[in-house]
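The data block below is my_file21.tsv; it holds TSV, C-alpha atoms.
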```tsv
chain	number	residue	atom	x	y	z
A	1	MET	CA	162.13	135.26	110.62
A	2	SER	CA	161.95	136.02	106.95
A	3	MET	CA	158.24	135.03	106.66
A	4	GLU	CA	157.20	137.78	109.00
A	5	ASN	CA	158.94	140.45	106.99
A	6	PRO	CA	156.23	141.86	104.68
A	7	ALA	CA	158.73	143.33	102.26
A	8	GLU	CA	160.50	140.02	101.79
A	9	ASN	CA	157.13	138.19	101.53
A	10	GLN	CA	156.07	140.51	98.71
A	11	GLY	CA	159.41	139.85	97.02
A	12	LEU	CA	158.69	136.12	97.09
A	13	LEU	CA	155.22	136.63	95.61
A	14	ARG	CA	156.63	138.81	92.86
A	15	GLU	CA	159.21	136.15	92.06
A	16	TRP	CA	156.49	133.47	91.78
A	17	TRP	CA	154.40	135.71	89.55
A	18	ALA	CA	157.40	136.43	87.41
A	19	ALA	CA	158.10	132.72	87.09
A	20	LEU	CA	154.49	132.05	86.09
A	21	THR	CA	154.35	134.76	83.44
A	22	ARG	CA	157.85	134.22	82.00
A	23	PRO	CA	158.00	132.00	78.93
A	24	THR	CA	159.97	128.92	79.75
A	25	SER	CA	163.29	128.25	78.08
A	26	ARG	CA	163.69	124.76	79.47
A	27	TRP	CA	160.50	122.94	78.32
A	28	SER	CA	159.33	122.82	74.77
A	29	LEU	CA	155.86	124.07	73.94
A	30	GLY	CA	154.92	120.57	72.76
A	31	ALA	CA	155.92	118.95	76.06
A	32	LEU	CA	153.99	121.56	78.02
A	33	LEU	CA	150.90	121.03	75.87
A	34	VAL	CA	151.05	117.24	76.20
A	35	ILE	CA	151.50	117.40	79.99
A	36	GLY	CA	148.77	120.05	80.31
A	37	ILE	CA	146.26	118.15	78.23
A	38	GLY	CA	147.14	114.92	80.05
A	39	ILE	CA	146.54	116.47	83.47
A	40	GLY	CA	143.36	118.09	82.16
A	41	VAL	CA	141.89	114.85	80.82
A	42	VAL	CA	142.73	112.84	83.93
A	43	GLY	CA	141.61	115.64	86.26
A	44	TRP	CA	138.28	116.28	84.51
A	45	GLY	CA	137.66	112.59	83.98
A	46	GLY	CA	138.34	111.87	87.63
A	47	PHE	CA	136.06	114.69	88.71
A	48	ASN	CA	133.26	113.42	86.51
A	49	TRP	CA	133.83	109.84	87.65
A	50	MET	CA	133.51	110.92	91.29
A	51	LEU	CA	130.40	112.89	90.44
A	52	GLU	CA	128.80	109.91	88.72
A	53	LEU	CA	129.74	107.71	91.68
A	54	THR	CA	127.57	109.92	93.89
A	55	ASN	CA	124.80	109.55	91.28
A	56	THR	CA	124.06	105.87	91.86
A	57	GLU	CA	121.34	104.06	93.75
A	58	SER	CA	123.92	102.25	95.90
A	59	PHE	CA	125.50	105.54	96.94
A	60	CYS	CA	122.12	106.93	98.06
A	61	LEU	CA	121.42	103.75	100.02
A	62	SER	CA	124.73	103.95	101.89
A	63	CYS	CA	122.88	106.23	104.34
A	64	HIS	CA	120.36	104.37	106.50
A	65	GLU	CA	118.06	107.42	106.40
A	66	MET	CA	117.54	106.75	102.70
A	67	GLU	CA	117.54	102.97	102.84
A	68	GLN	CA	115.08	102.58	105.71
A	69	ASN	CA	112.60	105.26	104.71
A	70	VAL	CA	112.31	106.45	101.15
A	71	TYR	CA	113.92	103.43	99.48
A	72	ARG	CA	111.65	100.89	101.16
A	73	GLU	CA	108.64	102.90	100.11
A	74	TYR	CA	109.96	103.12	96.58
A	75	ARG	CA	110.34	99.32	96.37
A	76	GLY	CA	107.42	97.87	94.44
A	77	SER	CA	106.35	101.23	93.05
A	78	ILE	CA	105.92	101.54	89.29
A	79	HIS	CA	109.38	103.12	88.91
A	80	ASP	CA	110.99	100.18	90.71
A	81	SER	CA	109.30	97.16	89.16
A	82	ASN	CA	107.04	97.01	86.15
A	83	ARG	CA	106.18	94.86	83.13
A	84	SER	CA	109.27	95.75	81.07
A	85	GLY	CA	111.85	96.05	83.86
A	86	VAL	CA	112.93	99.59	82.95
A	87	ARG	CA	113.74	101.37	86.20
A	88	ALA	CA	114.13	104.95	87.32
A	89	THR	CA	116.28	105.03	90.45
A	90	CYS	CA	116.96	107.86	92.95
A	91	PRO	CA	119.19	110.13	90.79
A	92	ASP	CA	116.96	109.79	87.73
A	93	CYS	CA	114.27	111.81	89.48
A	94	HIS	CA	116.22	113.77	92.09
A	95	VAL	CA	119.38	114.90	90.24
A	96	PRO	CA	119.02	117.19	87.21
A	97	ARG	CA	120.74	116.10	83.99
A	98	PRO	CA	121.91	119.49	82.57
A	99	TRP	CA	125.41	120.26	83.89
A	100	PHE	CA	124.71	123.63	85.51
A	101	TYR	CA	121.64	122.44	87.43
A	102	LYS	CA	123.41	119.22	88.34
A	103	MET	CA	126.31	121.14	89.93
A	104	LYS	CA	123.85	123.41	91.73
A	105	ARG	CA	122.03	120.41	93.19
A	106	LYS	CA	125.30	118.75	94.18
A	107	ILE	CA	126.37	121.86	96.08
A	108	GLN	CA	122.96	122.00	97.79
A	109	ALA	CA	123.52	118.39	98.83
A	110	SER	CA	126.28	119.52	101.18
A	111	ASN	CA	123.43	120.74	103.41
A	112	GLU	CA	122.15	117.17	103.49
A	113	VAL	CA	125.58	115.99	104.66
A	114	LEU	CA	125.37	118.51	107.51
A	115	HIS	CA	121.96	117.16	108.56
A	116	LYS	CA	123.27	113.60	108.31
A	117	ILE	CA	125.94	114.59	110.87
A	118	LEU	CA	123.37	116.42	113.01
A	119	GLY	CA	121.10	113.34	112.84
A	120	SER	CA	118.07	115.41	111.88
A	121	ILE	CA	116.12	112.43	110.51
A	122	ASP	CA	117.99	109.45	111.93
A	123	THR	CA	114.84	107.73	113.25
A	124	ARG	CA	111.54	106.94	111.55
A	125	GLU	CA	109.69	109.24	113.97
A	126	LYS	CA	111.98	112.18	113.22
A	127	PHE	CA	111.63	111.50	109.51
A	128	GLU	CA	107.82	111.38	109.67
A	129	ALA	CA	107.78	114.62	111.64
A	130	LYS	CA	109.87	116.33	108.98
A	131	ARG	CA	108.31	114.63	105.98
A	132	ILE	CA	105.84	117.39	105.12
A	133	GLU	CA	108.66	119.96	104.98
A	134	LEU	CA	110.90	117.72	102.87
A	135	ALA	CA	108.04	116.84	100.53
A	136	LYS	CA	107.18	120.50	100.06
A	137	HIS	CA	110.79	121.22	99.05
A	138	VAL	CA	110.65	118.59	96.33
A	139	TRP	CA	107.16	119.59	95.13
A	140	THR	CA	108.16	123.26	94.95
A	141	ALA	CA	111.38	122.45	93.07
A	142	MET	CA	109.50	120.27	90.59
A	143	LYS	CA	106.86	122.93	90.00
A	144	GLU	CA	109.59	125.53	89.42
A	145	THR	CA	111.38	123.38	86.86
A	146	ASP	CA	108.18	122.20	85.15
A	147	SER	CA	108.97	118.63	86.32
A	148	ARG	CA	112.18	118.61	84.30
A	149	GLU	CA	113.41	115.30	85.68
A	150	CYS	CA	110.11	113.53	84.88
A	151	ARG	CA	110.31	114.79	81.33
A	152	ASN	CA	113.69	113.16	80.74
A	153	CYS	CA	111.53	110.08	80.08
A	154	HIS	CA	107.90	111.25	80.05
A	155	ASN	CA	107.56	113.75	77.23
A	156	PHE	CA	104.13	115.27	76.62
A	157	GLY	CA	105.05	115.54	72.93
A	158	ALA	CA	105.73	111.81	72.75
A	159	PHE	CA	102.52	110.75	74.51
A	160	ASP	CA	100.35	108.51	72.36
A	161	LEU	CA	97.04	109.42	73.94
A	162	THR	CA	95.17	106.83	71.90
A	163	ARG	CA	97.05	104.08	73.72
A	164	GLN	CA	96.06	105.39	77.15
A	165	GLN	CA	92.98	104.47	79.15
A	166	ALA	CA	90.08	106.87	78.61
A	167	ARG	CA	90.48	108.30	82.10
A	168	ALA	CA	94.20	109.03	81.61
A	169	ARG	CA	93.62	110.32	78.08
A	170	ASN	CA	91.11	112.93	79.20
A	171	ARG	CA	93.13	114.13	82.14
A	172	HIS	CA	96.41	114.30	80.20
A	173	SER	CA	95.04	116.32	77.28
A	174	GLU	CA	93.30	118.58	79.80
A	175	ALA	CA	96.57	119.02	81.72
A	176	GLU	CA	98.48	119.82	78.55
A	177	GLN	CA	95.97	122.50	77.56
A	178	GLN	CA	96.02	124.04	81.03
A	179	GLY	CA	99.82	123.97	81.12
A	180	LYS	CA	99.92	121.77	84.17
A	181	THR	CA	103.09	119.99	85.18
A	182	CYS	CA	103.52	116.34	86.16
A	183	ILE	CA	103.91	116.91	89.91
A	184	ASP	CA	100.60	118.82	90.04
A	185	CYS	CA	98.78	115.47	90.01
A	186	HIS	CA	101.43	112.78	90.44
A	187	LYS	CA	102.46	113.22	94.06
A	188	GLY	CA	103.39	110.29	96.26
A	189	ILE	CA	103.95	107.90	93.36
A	190	ALA	CA	107.34	106.65	94.56
A	191	HIS	CA	107.18	107.48	98.27
A	192	GLN	CA	104.44	107.71	100.87
A	193	LEU	CA	102.64	110.99	101.35
A	194	PRO	CA	103.10	113.11	104.48
A	195	GLN	CA	100.32	113.77	106.94
A	196	GLY	CA	98.35	116.80	105.72
A	197	ALA	CA	99.51	116.29	102.13
A	198	PHE	CA	96.25	117.47	100.53
A	199	LYS	CA	96.19	120.70	102.53
A	200	ALA	CA	99.83	121.39	101.62
A	201	GLU	CA	98.99	120.69	97.99
A	202	ARG	CA	96.17	123.28	98.04
A	203	GLU	CA	98.41	125.88	99.67
A	204	LEU	CA	101.16	125.22	97.16
A	205	ASN	CA	98.74	125.62	94.24
A	206	GLU	CA	97.43	128.87	95.70
A	207	SER	CA	100.89	130.37	96.22
A	208	MET	CA	102.48	129.10	92.99
A	209	GLY	CA	99.46	128.48	90.80
A	210	GLY	CA	98.17	125.07	89.80
A	211	ALA	CA	99.82	125.57	86.46
A	212	VAL	CA	103.29	127.04	86.64
A	213	LYS	CA	105.20	127.19	83.40
A	214	PRO	CA	108.55	129.00	83.40
B	1	MET	CA	68.82	20.84	89.69
B	2	LYS	CA	71.89	21.33	87.56
B	3	THR	CA	70.58	24.55	86.15
B	4	LYS	CA	69.80	25.77	89.69
B	5	ILE	CA	73.41	25.18	90.77
B	6	LYS	CA	74.62	26.91	87.62
B	7	ALA	CA	72.40	29.92	88.32
B	8	ILE	CA	73.61	30.19	91.92
B	9	ALA	CA	77.24	29.97	90.80
B	10	LEU	CA	76.61	32.70	88.21
B	11	ALA	CA	74.91	34.94	90.76
B	12	LEU	CA	77.79	34.41	93.20
B	13	ALA	CA	80.36	35.21	90.57
B	14	LEU	CA	78.45	38.37	89.59
B	15	ALA	CA	78.11	39.47	93.21
B	16	LEU	CA	81.83	38.92	93.82
B	17	GLY	CA	82.70	40.79	90.63
B	18	LEU	CA	80.44	43.69	91.62
B	19	SER	CA	81.91	43.89	95.11
B	20	PHE	CA	85.39	44.03	93.55
B	21	THR	CA	84.27	46.92	91.36
B	22	ALA	CA	82.74	48.59	94.40
B	23	LEU	CA	86.05	48.25	96.25
B	24	GLY	CA	87.72	49.79	93.23
B	25	VAL	CA	85.39	52.80	93.47
B	26	VAL	CA	86.26	53.33	97.14
B	27	ALA	CA	89.95	53.35	96.32
B	28	ALA	CA	89.56	56.00	93.55
B	29	GLU	CA	91.02	59.46	94.12
B	30	VAL	CA	88.93	61.99	95.99
B	31	GLN	CA	88.50	65.12	93.93
B	32	ALA	CA	88.19	68.62	95.32
B	33	LEU	CA	85.53	70.92	93.88
B	34	ARG	CA	88.21	72.85	92.05
B	35	HIS	CA	89.44	69.70	90.25
B	36	SER	CA	92.77	69.40	92.05
B	37	GLY	CA	93.59	66.53	94.41
B	38	ALA	CA	92.10	66.98	97.88
B	39	ALA	CA	95.49	66.59	99.53
B	40	GLU	CA	97.34	68.82	97.06
B	41	PRO	CA	97.79	72.58	97.41
B	42	ASP	CA	95.07	74.58	95.69
B	43	GLN	CA	96.00	75.89	92.26
B	44	ALA	CA	96.79	79.59	92.06
B	45	PRO	CA	93.97	81.71	90.62
B	46	GLY	CA	94.42	83.23	87.17
B	47	ILE	CA	95.76	86.74	86.75
B	48	TYR	CA	93.05	89.09	85.54
B	49	LYS	CA	93.45	92.67	84.43
B	50	VAL	CA	91.21	95.33	85.92
B	51	THR	CA	88.33	96.18	83.59
B	52	GLU	CA	88.70	99.92	83.21
B	53	GLY	CA	86.13	102.38	81.99
B	54	ALA	CA	82.48	101.55	82.65
B	55	LYS	CA	81.44	100.23	86.04
B	56	LEU	CA	79.95	96.73	86.13
B	57	GLU	CA	76.39	96.51	87.40
B	58	ARG	CA	75.77	95.57	91.02
B	59	ALA	CA	74.62	91.98	91.47
B	60	TYR	CA	72.51	92.72	94.54
B	61	ARG	CA	71.15	95.79	96.32
B	62	GLN	CA	73.69	96.06	99.17
B	63	GLN	CA	76.75	95.34	97.04
B	64	PRO	CA	79.48	97.98	97.39
B	65	PRO	CA	80.03	99.45	93.90
B	66	LEU	CA	83.06	98.02	92.08
B	67	VAL	CA	86.04	100.20	91.19
B	68	PRO	CA	86.71	100.60	87.43
B	69	HIS	CA	90.42	101.31	87.83
B	70	PRO	CA	93.44	99.73	89.59
B	71	THR	CA	93.83	100.71	93.23
B	72	ASP	CA	96.99	98.88	94.27
B	73	LYS	CA	99.21	101.99	94.21
B	74	TYR	CA	96.92	104.14	96.33
B	75	GLU	CA	98.04	104.74	99.90
B	76	ILE	CA	95.51	104.25	102.69
B	77	ASP	CA	96.96	104.62	106.17
B	78	VAL	CA	96.77	106.79	109.27
B	79	LYS	CA	98.42	109.71	107.44
B	80	VAL	CA	96.50	109.88	104.17
B	81	ASN	CA	93.81	108.17	102.16
B	82	GLN	CA	94.46	108.72	98.47
B	83	CYS	CA	90.99	107.50	97.45
B	84	LEU	CA	89.51	110.50	99.25
B	85	ARG	CA	91.69	112.84	97.15
B	86	CYS	CA	89.25	112.28	94.29
B	87	HIS	CA	86.09	110.79	95.79
B	88	GLU	CA	85.45	113.02	98.81
B	89	TRP	CA	83.56	116.25	98.40
B	90	PRO	CA	84.66	118.85	97.25
B	91	TYR	CA	87.38	116.98	95.33
B	92	SER	CA	84.73	114.79	93.69
B	93	ASP	CA	83.30	117.84	91.93
B	94	GLN	CA	86.71	119.12	90.84
B	95	GLU	CA	87.94	115.76	89.59
B	96	LYS	CA	84.53	114.67	88.23
B	97	ALA	CA	84.78	111.45	90.24
B	98	PRO	CA	81.82	109.63	91.86
B	99	LYS	CA	81.14	111.10	95.30
B	100	ILE	CA	81.16	108.72	98.25
B	101	SER	CA	77.70	108.36	99.75
B	102	ASP	CA	76.73	110.34	102.84
B	103	LEU	CA	76.26	107.07	104.77
B	104	HIS	CA	80.05	106.96	105.12
B	105	TYR	CA	79.93	110.05	107.36
B	106	ILE	CA	77.65	108.59	110.02
B	107	ASP	CA	79.44	107.43	113.14
B	108	ARG	CA	78.47	104.42	115.25
B	109	ASN	CA	75.99	106.50	117.28
B	110	GLY	CA	74.20	107.55	114.14
B	111	VAL	CA	75.52	111.11	114.29
B	112	ARG	CA	76.47	112.74	111.00
B	113	GLN	CA	80.11	113.97	110.89
B	114	ASP	CA	82.07	116.12	108.48
B	115	THR	CA	84.80	113.61	107.78
B	116	VAL	CA	84.61	110.00	106.63
B	117	ASN	CA	83.97	107.83	109.66
B	118	GLY	CA	86.67	105.47	110.87
B	119	ASN	CA	84.35	102.51	110.31
B	120	ARG	CA	84.33	103.26	106.61
B	121	TYR	CA	87.87	104.63	106.21
B	122	PHE	CA	89.45	101.58	104.59
B	123	CYS	CA	87.83	101.77	101.16
B	124	LYS	CA	89.41	98.62	99.77
B	125	GLN	CA	87.78	96.45	102.42
B	126	CYS	CA	84.51	96.69	100.49
B	127	HIS	CA	85.24	98.36	97.17
B	128	VAL	CA	87.40	96.14	94.99
B	129	PRO	CA	88.73	96.71	91.46
B	130	GLN	CA	86.47	94.96	88.95
B	131	ASN	CA	87.60	92.28	86.53
B	132	ASP	CA	86.11	89.55	84.44
B	133	ALA	CA	87.22	86.68	86.67
B	134	LYS	CA	85.62	83.30	86.00
B	135	PRO	CA	83.98	81.50	88.95
B	136	LEU	CA	86.33	78.90	90.48
B	137	VAL	CA	83.45	76.49	91.02
B	138	GLU	CA	80.47	76.14	88.72
B	139	ASN	CA	77.40	77.61	90.40
B	140	LYS	CA	73.89	78.82	89.75
B	141	PHE	CA	74.24	82.34	91.14
B	142	GLN	CA	72.20	84.91	89.30
B	143	ALA	CA	72.45	88.67	89.66
B	144	ALA	CA	69.32	90.20	91.19
B	145	THR	CA	68.93	92.31	88.07
B	146	THR	CA	68.61	89.25	85.82
B	147	ASN	CA	66.78	86.88	88.15
B	148	THR	CA	63.12	87.26	87.26
B	149	ASN	CA	61.94	85.08	90.15
B	150	ILE	CA	62.55	87.83	92.65
B	151	ARG	CA	60.98	90.77	90.89
```

Can you dump the structure from the file as structure tokens?
Amino acid sequence: MSMENPAENQGLLREWWAALTRPTSRWSLGALLVIGIGIGVVGWGGFNWMLELTNTESFCLSCHEMEQNVYREYRGSIHDSNRSGVRATCPDCHVPRPWFYKMKRKIQASNEVLHKILGSIDTREKFEAKRIELAKHVWTAMKETDSRECRNCHNFGAFDLTRQQARARNRHSEAEQQGKTCIDCHKGIAHQLPQGAFKAERELNESMGGAVKP
Amino acid sequence: MKTKIKAIALALALALGLSFTALGVVAAEVQALRHSGAAEPDQAPGIYKVTEGAKLERAYRQQPPLVPHPTDKYEIDVKVNQCLRCHEWPYSDQEKAPKISDLHYIDRNGVRQDTVNGNRYFCKQCHVPQNDAKPLVENKFQAATTNTNIR
């Protein structure tokens, strides 16, 4: 029973450490570099490829919770079909682009996997009952990030106000001056609103301010 | 006598000719008011853009005011009514949008309520987005504001 002998175990660890820190006499530095870089490229590329695979519309729709609720509501909305055919699909709005925030969101998504297994929203009724809570999560996140995902495409600086309708022009320049963020007004543009949405909106504006700018 | 016979023959020929033409008229195609064949499917109406900005005048006293912006993306169901987010008081003051009239708060017993009555909840049933659509059939309708016979 050599594994249960702590002294011998430590000896094994020390040997491994020694092997790791000792310069090799068998492999050339060039071979090690080539193999290392090769593994690095394939490993990182594969990781990124997997990550991007989970960043597609079809991946989101592989869960019936998404397909039967939020996706069907999104169909026909301005981000799904419009005059020029440019689309913004699930990850464009719900997954951040910068690497750090993207990884953070992906780790948070493991909670969603748990609730998929628990079946928290596996019927329309359950989903409707939970909708206000889920919507508040998204609204809060978007207020905190100053609607970062919207601004990947919709940049205040690139707005040509003269080409907007008078109503939109007035409200947009007003919003820019007051430091408002997209989600402050544009709620429920891609999905239906929850029951009690306007009350939740008021409460959110009172607790976080109608104009939050980080 | 000869001329009499000739005249009768001419009249007969004319009558026959006329009846042939009349038969021809009966066989002609029946036209629908909208200029497509009566048996053919009606032609699709043109696509008109919503006239944004100023509201068009009402054509008669009881006409529900027209909406000077598109409404197709606004949700109206048992959960929410997005029209009310701007047009119900106190939002109407905050958003500087026209306030819905107090008549919408009266229930079927004539009692004034604090929320929009169910009878009037579905805004788009009466208030439609305005556009400059041409009449499908020529008609003599005149708006009450321009018809001087009434006033």

Taking only C-alpha atoms into account, which residues of chain B are within 12 Å of chain A, as a PyMOL selection string?
chain B and resi 50-54+68-70+72-86+88+91+94-97

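Across the structure, CA of Asp92 in chain A and CA of Thr56 in chain A are spaced 9.1 Å apart.
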
Could you give me, as a PyMOL selection string, the residues within 9 Å of range 30-46 of chain B, counting all atoms listed in the file and dropping anything in the same chain fewer than 6 positions from it?
chain B and resi 133-134+136-138

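Our summary of the geometry notes that CA of His104 in chain B is positioned 5.7 Å from CA of Val116 in chain B.
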
Give me, please, the distance in Å between CA of Leu66 in chain B and CA of Tyr48 in chain B, quoted to one decimal.
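Between CA of Leu66 in chain B and CA of Tyr48 in chain B the gap works out to 14.9 Å.
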
Taking only C-alpha atoms into account, which of B:Glu29, B:Arg120, B:Lys4, B:His87 comes nearest Arg108 in chain B?
B:Arg120

With a distance cut-off of 12 Å and all atoms listed in the file, select the neighbouring residues of range 40-54 of chain A, excluding the residue or stretch itself and same-chain residues fewer than 4 positions from it, and output the selection as a PyMOL selection string.
chain A and resi 32-36+58-62+90-92+95+97+99+102-103+105-107+109

Final N, CA and C atoms of range 109-126 of chain A as a PDB file, in the coordinates of the input:
```pdb
ATOM      1  N   ALA A 109     123.493 119.664  98.090  1.00  0.00           N
ATOM      2  CA  ALA A 109     123.520 118.390  98.830  1.00  0.00           C
ATOM      3  C   ALA A 109     124.459 118.442 100.026  1.00  0.00           C
ATOM      4  N   SER A 110     125.379 119.417 100.033  1.00  0.00           N
ATOM      5  CA  SER A 110     126.280 119.520 101.180  1.00  0.00           C
ATOM      6  C   SER A 110     125.475 119.829 102.452  1.00  0.00           C
ATOM      7  N   ASN A 111     124.326 120.495 102.278  1.00  0.00           N
ATOM      8  CA  ASN A 111     123.430 120.740 103.410  1.00  0.00           C
ATOM      9  C   ASN A 111     122.885 119.435 103.975  1.00  0.00           C
ATOM     10  N   GLU A 112     122.660 118.474 103.053  1.00  0.00           N
ATOM     11  CA  GLU A 112     122.150 117.170 103.490  1.00  0.00           C
ATOM     12  C   GLU A 112     123.212 116.410 104.290  1.00  0.00           C
ATOM     13  N   VAL A 113     124.483 116.617 103.903  1.00  0.00           N
ATOM     14  CA  VAL A 113     125.580 115.990 104.660  1.00  0.00           C
ATOM     15  C   VAL A 113     125.601 116.546 106.083  1.00  0.00           C
ATOM     16  N   LEU A 114     125.405 117.871 106.177  1.00  0.00           N
ATOM     17  CA  LEU A 114     125.370 118.510 107.510  1.00  0.00           C
ATOM     18  C   LEU A 114     124.276 117.885 108.369  1.00  0.00           C
ATOM     19  N   HIS A 115     123.067 117.712 107.779  1.00  0.00           N
ATOM     20  CA  HIS A 115     121.960 117.160 108.560  1.00  0.00           C
ATOM     21  C   HIS A 115     122.134 115.684 108.870  1.00  0.00           C
ATOM     22  N   LYS A 116     122.915 114.997 108.004  1.00  0.00           N
ATOM     23  CA  LYS A 116     123.270 113.600 108.310  1.00  0.00           C
ATOM     24  C   LYS A 116     124.122 113.574 109.597  1.00  0.00           C
ATOM     25  N   ILE A 117     125.079 114.524 109.690  1.00  0.00           N
ATOM     26  CA  ILE A 117     125.940 114.590 110.870  1.00  0.00           C
ATOM     27  C   ILE A 117     125.131 115.010 112.103  1.00  0.00           C
ATOM     28  N   LEU A 118     124.207 115.955 111.899  1.00  0.00           N
ATOM     29  CA  LEU A 118     123.370 116.420 113.010  1.00  0.00           C
ATOM     30  C   LEU A 118     122.351 115.352 113.437  1.00  0.00           C
ATOM     31  N   GLY A 119     122.090 114.391 112.544  1.00  0.00           N
ATOM     32  CA  GLY A 119     121.100 113.340 112.840  1.00  0.00           C
ATOM     33  C   GLY A 119     119.676 113.869 112.839  1.00  0.00           C
ATOM     34  N   SER A 120     119.388 114.770 111.897  1.00  0.00           N
ATOM     35  CA  SER A 120     118.070 115.410 111.880  1.00  0.00           C
ATOM     36  C   SER A 120     116.931 114.426 111.625  1.00  0.00           C
ATOM     37  N   ILE A 121     117.187 113.387 110.821  1.00  0.00           N
ATOM     38  CA  ILE A 121     116.120 112.430 110.510  1.00  0.00           C
ATOM     39  C   ILE A 121     116.621 111.004 110.711  1.00  0.00           C
ATOM     40  N   ASP A 122     117.377 110.774 111.795  1.00  0.00           N
ATOM     41  CA  ASP A 122     117.990 109.450 111.930  1.00  0.00           C
ATOM     42  C   ASP A 122     117.068 108.400 112.548  1.00  0.00           C
ATOM     43  N   THR A 123     115.816 108.762 112.871  1.00  0.00           N
ATOM     44  CA  THR A 123     114.840 107.730 113.250  1.00  0.00           C
ATOM     45  C   THR A 123     113.588 107.917 112.397  1.00  0.00           C
ATOM     46  N   ARG A 124     112.766 106.879 112.344  1.00  0.00           N
ATOM     47  CA  ARG A 124     111.540 106.940 111.550  1.00  0.00           C
ATOM     48  C   ARG A 124     110.619 108.056 112.070  1.00  0.00           C
ATOM     49  N   GLU A 125     110.572 108.233 113.379  1.00  0.00           N
ATOM     50  CA  GLU A 125     109.690 109.240 113.970  1.00  0.00           C
ATOM     51  C   GLU A 125     110.134 110.640 113.549  1.00  0.00           C
ATOM     52  N   LYS A 126     111.456 110.877 113.626  1.00  0.00           N
ATOM     53  CA  LYS A 126     111.980 112.180 113.220  1.00  0.00           C
ATOM     54  C   LYS A 126     111.703 112.427 111.736  1.00  0.00           C
TER      55      LYS A 126
END
```
